[in-house]
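The structure under discussion appears below in the form of structure tokens.
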Amino acid sequence: EKQDLQQKYIQLKNELTQKEAEIVSQQKDINQHHINEEKKKELQQELDTLTRKRSALAKETLEHSEVYSKIERIINSYKKYDKSEEQLNDDDWQRFIVETDIRWEKAITRLRIQCELEKEEVHLCCLLLTDFPISNLEYIIKQTRNTIYRKEKEILKKAGCPSGTNKLKEFLKNY
């Protein structure tokens, strides 16, 4: 009986040692998980900062581009003289689409593919993502303000937006 008690004691002591080892292992896992969570938060903050910096640089790059400057000159010419000697050619539009895509993380390309947009619709989307007022866009794309609003609604419809959505610019910025 004494031997049985001693064996039972040894068995319990071994189980206790094993449980203590499991506890230590679990504690290490918990600590590692906590470190990983902290590291994850830290990395997310870094990512957010880098994303903001990238966005600011992309915006500044677009606004200082040759095509953007040409658009500004065309608008200013129309405001002063009601005409402009300059117009955007196909190469200008291609560069502007690329620059807009860089600024808005390929939103134009994704939308063009998903919604099968026509060339003029792509141009309008690019212009809407600038800070130019809609009243100035008619100088660039040779459409009246009403036509621009109608085209906006058509693009929103192609994109499958609910009928209450009426701001293509906001949709594009979040696309």
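Scheme for the structure tokens: letters A, B, ... for chains in order shown; per-chain residue numbers from 1; ligand numbers from 1 in order shown.
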Tell me, as an MDAnalysis selection string, which residues lie within 8 Å of Leu168 of chain A, counting only C-alpha atoms; anything in the same chain fewer than 5 positions away does not count. chainID A and resid 125 128 152:153 155:156
DSSP-assigned alpha helix (DSSP H) members of segment 25-153 of chain A, reported as a PDB file with C-alpha atoms, in the first residue's frame:
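The result, written out as out32.pdb:
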```
ATOM      1  CA  SER A  25       4.608  26.966 -23.045  1.00  0.00           C
ATOM      2  CA  GLN A  26       1.122  28.512 -23.157  1.00  0.00           C
ATOM      3  CA  GLN A  27       2.417  31.621 -21.397  1.00  0.00           C
ATOM      4  CA  LYS A  28       5.170  31.939 -24.004  1.00  0.00           C
ATOM      5  CA  ASP A  29       2.571  31.576 -26.757  1.00  0.00           C
ATOM      6  CA  ILE A  30       0.403  34.251 -25.129  1.00  0.00           C
ATOM      7  CA  ASN A  31       3.385  36.564 -24.755  1.00  0.00           C
ATOM      8  CA  GLN A  32       4.422  35.938 -28.365  1.00  0.00           C
ATOM      9  CA  HIS A  33       0.852  36.599 -29.503  1.00  0.00           C
ATOM     10  CA  HIS A  34       0.860  39.853 -27.531  1.00  0.00           C
ATOM     11  CA  ILE A  35       4.159  40.843 -29.147  1.00  0.00           C
ATOM     12  CA  ASN A  36       2.756  39.919 -32.550  1.00  0.00           C
ATOM     13  CA  GLU A  37      -0.351  42.043 -31.897  1.00  0.00           C
ATOM     14  CA  GLU A  38       1.824  44.986 -30.854  1.00  0.00           C
ATOM     15  CA  LYS A  39       4.042  44.490 -33.902  1.00  0.00           C
ATOM     16  CA  LYS A  40       0.950  44.240 -36.096  1.00  0.00           C
ATOM     17  CA  LYS A  41      -0.385  47.545 -34.710  1.00  0.00           C
ATOM     18  CA  GLU A  42       3.004  49.173 -35.208  1.00  0.00           C
ATOM     19  CA  LEU A  43       3.277  47.901 -38.787  1.00  0.00           C
ATOM     20  CA  GLN A  44      -0.285  49.041 -39.541  1.00  0.00           C
ATOM     21  CA  GLN A  45       0.555  52.534 -38.284  1.00  0.00           C
ATOM     22  CA  GLU A  46       3.663  52.576 -40.486  1.00  0.00           C
ATOM     23  CA  LEU A  47       1.595  51.393 -43.443  1.00  0.00           C
ATOM     24  CA  ASP A  48      -1.026  54.099 -42.830  1.00  0.00           C
ATOM     25  CA  THR A  49       1.691  56.763 -42.667  1.00  0.00           C
ATOM     26  CA  LEU A  50       3.335  55.518 -45.857  1.00  0.00           C
ATOM     27  CA  THR A  51      -0.043  55.384 -47.613  1.00  0.00           C
ATOM     28  CA  ARG A  52      -0.783  58.995 -46.640  1.00  0.00           C
ATOM     29  CA  LYS A  53       2.671  60.112 -47.821  1.00  0.00           C
ATOM     30  CA  ARG A  54       2.278  58.215 -51.105  1.00  0.00           C
ATOM     31  CA  SER A  55      -1.122  59.782 -51.676  1.00  0.00           C
ATOM     32  CA  ALA A  56       0.212  63.282 -51.003  1.00  0.00           C
ATOM     33  CA  LEU A  57       3.180  62.729 -53.331  1.00  0.00           C
ATOM     34  CA  ALA A  58       0.984  61.269 -56.064  1.00  0.00           C
ATOM     35  CA  LYS A  59      -1.383  64.245 -55.806  1.00  0.00           C
ATOM     36  CA  GLU A  60       1.493  66.700 -55.971  1.00  0.00           C
ATOM     37  CA  THR A  61       3.017  64.830 -58.923  1.00  0.00           C
ATOM     38  CA  LEU A  62      -0.271  64.940 -60.822  1.00  0.00           C
ATOM     39  CA  GLU A  63      -0.814  68.626 -60.085  1.00  0.00           C
ATOM     40  CA  GLU A  66       2.712  68.736 -67.971  1.00  0.00           C
ATOM     41  CA  VAL A  67      -0.829  67.640 -68.850  1.00  0.00           C
ATOM     42  CA  TYR A  68      -2.333  69.144 -65.687  1.00  0.00           C
ATOM     43  CA  SER A  69      -0.603  72.440 -66.471  1.00  0.00           C
ATOM     44  CA  LYS A  70      -1.963  72.296 -70.010  1.00  0.00           C
ATOM     45  CA  ILE A  71      -5.491  71.754 -68.646  1.00  0.00           C
ATOM     46  CA  GLU A  72      -5.045  74.789 -66.393  1.00  0.00           C
ATOM     47  CA  ARG A  73      -3.857  76.879 -69.352  1.00  0.00           C
ATOM     48  CA  ILE A  74      -6.856  75.805 -71.459  1.00  0.00           C
ATOM     49  CA  ILE A  75      -9.290  76.679 -68.655  1.00  0.00           C
ATOM     50  CA  ASN A  76      -7.636  80.054 -68.029  1.00  0.00           C
ATOM     51  CA  SER A  77      -7.663  80.846 -71.741  1.00  0.00           C
ATOM     52  CA  TYR A  78     -11.389  80.087 -71.973  1.00  0.00           C
ATOM     53  CA  LYS A  79     -12.067  82.237 -68.923  1.00  0.00           C
ATOM     54  CA  LYS A  80     -10.128  85.193 -70.378  1.00  0.00           C
ATOM     55  CA  TYR A  81     -10.781  84.904 -74.110  1.00  0.00           C
ATOM     56  CA  ASP A  90      -4.612  61.606 -77.605  1.00  0.00           C
ATOM     57  CA  ASP A  91      -1.094  61.479 -76.143  1.00  0.00           C
ATOM     58  CA  ASP A  92      -2.071  64.064 -73.513  1.00  0.00           C
ATOM     59  CA  TRP A  93      -5.126  62.011 -72.574  1.00  0.00           C
ATOM     60  CA  GLN A  94      -3.074  58.818 -72.316  1.00  0.00           C
ATOM     61  CA  ARG A  95      -0.561  60.514 -70.008  1.00  0.00           C
ATOM     62  CA  PHE A  96      -3.386  62.051 -67.978  1.00  0.00           C
ATOM     63  CA  ILE A  97      -5.078  58.649 -67.563  1.00  0.00           C
ATOM     64  CA  VAL A  98      -1.785  57.101 -66.398  1.00  0.00           C
ATOM     65  CA  GLU A  99      -1.118  59.987 -63.986  1.00  0.00           C
ATOM     66  CA  THR A 100      -4.666  59.805 -62.622  1.00  0.00           C
ATOM     67  CA  ASP A 101      -4.322  56.052 -62.173  1.00  0.00           C
ATOM     68  CA  ILE A 102      -1.107  56.567 -60.213  1.00  0.00           C
ATOM     69  CA  ARG A 103      -2.805  59.165 -58.015  1.00  0.00           C
ATOM     70  CA  ALA A 107      -9.196  53.328 -60.087  1.00  0.00           C
ATOM     71  CA  ILE A 108      -9.612  54.454 -63.695  1.00  0.00           C
ATOM     72  CA  THR A 109      -8.199  51.238 -65.166  1.00  0.00           C
ATOM     73  CA  ARG A 110     -10.321  49.077 -62.850  1.00  0.00           C
ATOM     74  CA  LEU A 111     -13.466  51.064 -63.664  1.00  0.00           C
ATOM     75  CA  ARG A 112     -12.744  51.110 -67.404  1.00  0.00           C
ATOM     76  CA  ILE A 113     -12.396  47.312 -67.438  1.00  0.00           C
ATOM     77  CA  GLN A 114     -15.290  46.562 -65.082  1.00  0.00           C
ATOM     78  CA  CYS A 115     -17.778  48.933 -66.679  1.00  0.00           C
ATOM     79  CA  LYS A 119     -13.004  56.882 -74.182  1.00  0.00           C
ATOM     80  CA  GLU A 120     -14.961  60.073 -73.394  1.00  0.00           C
ATOM     81  CA  GLU A 121     -16.326  58.528 -70.187  1.00  0.00           C
ATOM     82  CA  VAL A 122     -12.793  57.666 -69.075  1.00  0.00           C
ATOM     83  CA  HIS A 123     -11.727  61.246 -69.780  1.00  0.00           C
ATOM     84  CA  LEU A 124     -14.623  62.589 -67.712  1.00  0.00           C
ATOM     85  CA  CYS A 125     -13.766  60.276 -64.805  1.00  0.00           C
ATOM     86  CA  CYS A 126     -10.149  61.478 -64.848  1.00  0.00           C
ATOM     87  CA  LEU A 127     -11.232  65.109 -64.875  1.00  0.00           C
ATOM     88  CA  LEU A 128     -13.726  64.567 -62.055  1.00  0.00           C
ATOM     89  CA  ILE A 134     -17.450  70.980 -63.243  1.00  0.00           C
ATOM     90  CA  SER A 135     -18.120  74.360 -64.846  1.00  0.00           C
ATOM     91  CA  ASN A 136     -14.485  74.336 -66.055  1.00  0.00           C
ATOM     92  CA  LEU A 137     -14.566  70.774 -67.375  1.00  0.00           C
ATOM     93  CA  GLU A 138     -16.752  71.761 -70.305  1.00  0.00           C
ATOM     94  CA  TYR A 139     -13.764  73.689 -71.724  1.00  0.00           C
ATOM     95  CA  ILE A 140     -11.714  70.497 -71.794  1.00  0.00           C
ATOM     96  CA  ILE A 141     -14.219  67.927 -73.033  1.00  0.00           C
ATOM     97  CA  ARG A 145     -22.657  71.103 -67.869  1.00  0.00           C
ATOM     98  CA  ASN A 146     -25.993  69.282 -68.319  1.00  0.00           C
ATOM     99  CA  THR A 147     -24.367  66.742 -70.641  1.00  0.00           C
ATOM    100  CA  ILE A 148     -21.597  66.204 -68.094  1.00  0.00           C
ATOM    101  CA  TYR A 149     -24.171  65.548 -65.346  1.00  0.00           C
ATOM    102  CA  ARG A 150     -26.056  63.155 -67.636  1.00  0.00           C
ATOM    103  CA  LYS A 151     -22.836  61.287 -68.472  1.00  0.00           C
ATOM    104  CA  GLU A 152     -22.035  61.067 -64.749  1.00  0.00           C
ATOM    105  CA  LYS A 153     -25.361  59.332 -64.144  1.00  0.00           C
TER     106      LYS A 153
END
```
A:Lys19, A:Lys8, A:Lys142, A:Lys173 ranked by distance to Glu105 of chain A, top pick (using only C-alpha atoms): A:Lys173
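Put simply, atom CA of Gln143 of chain A is 21.2 Å away from atom CA of Phe171 of chain A.
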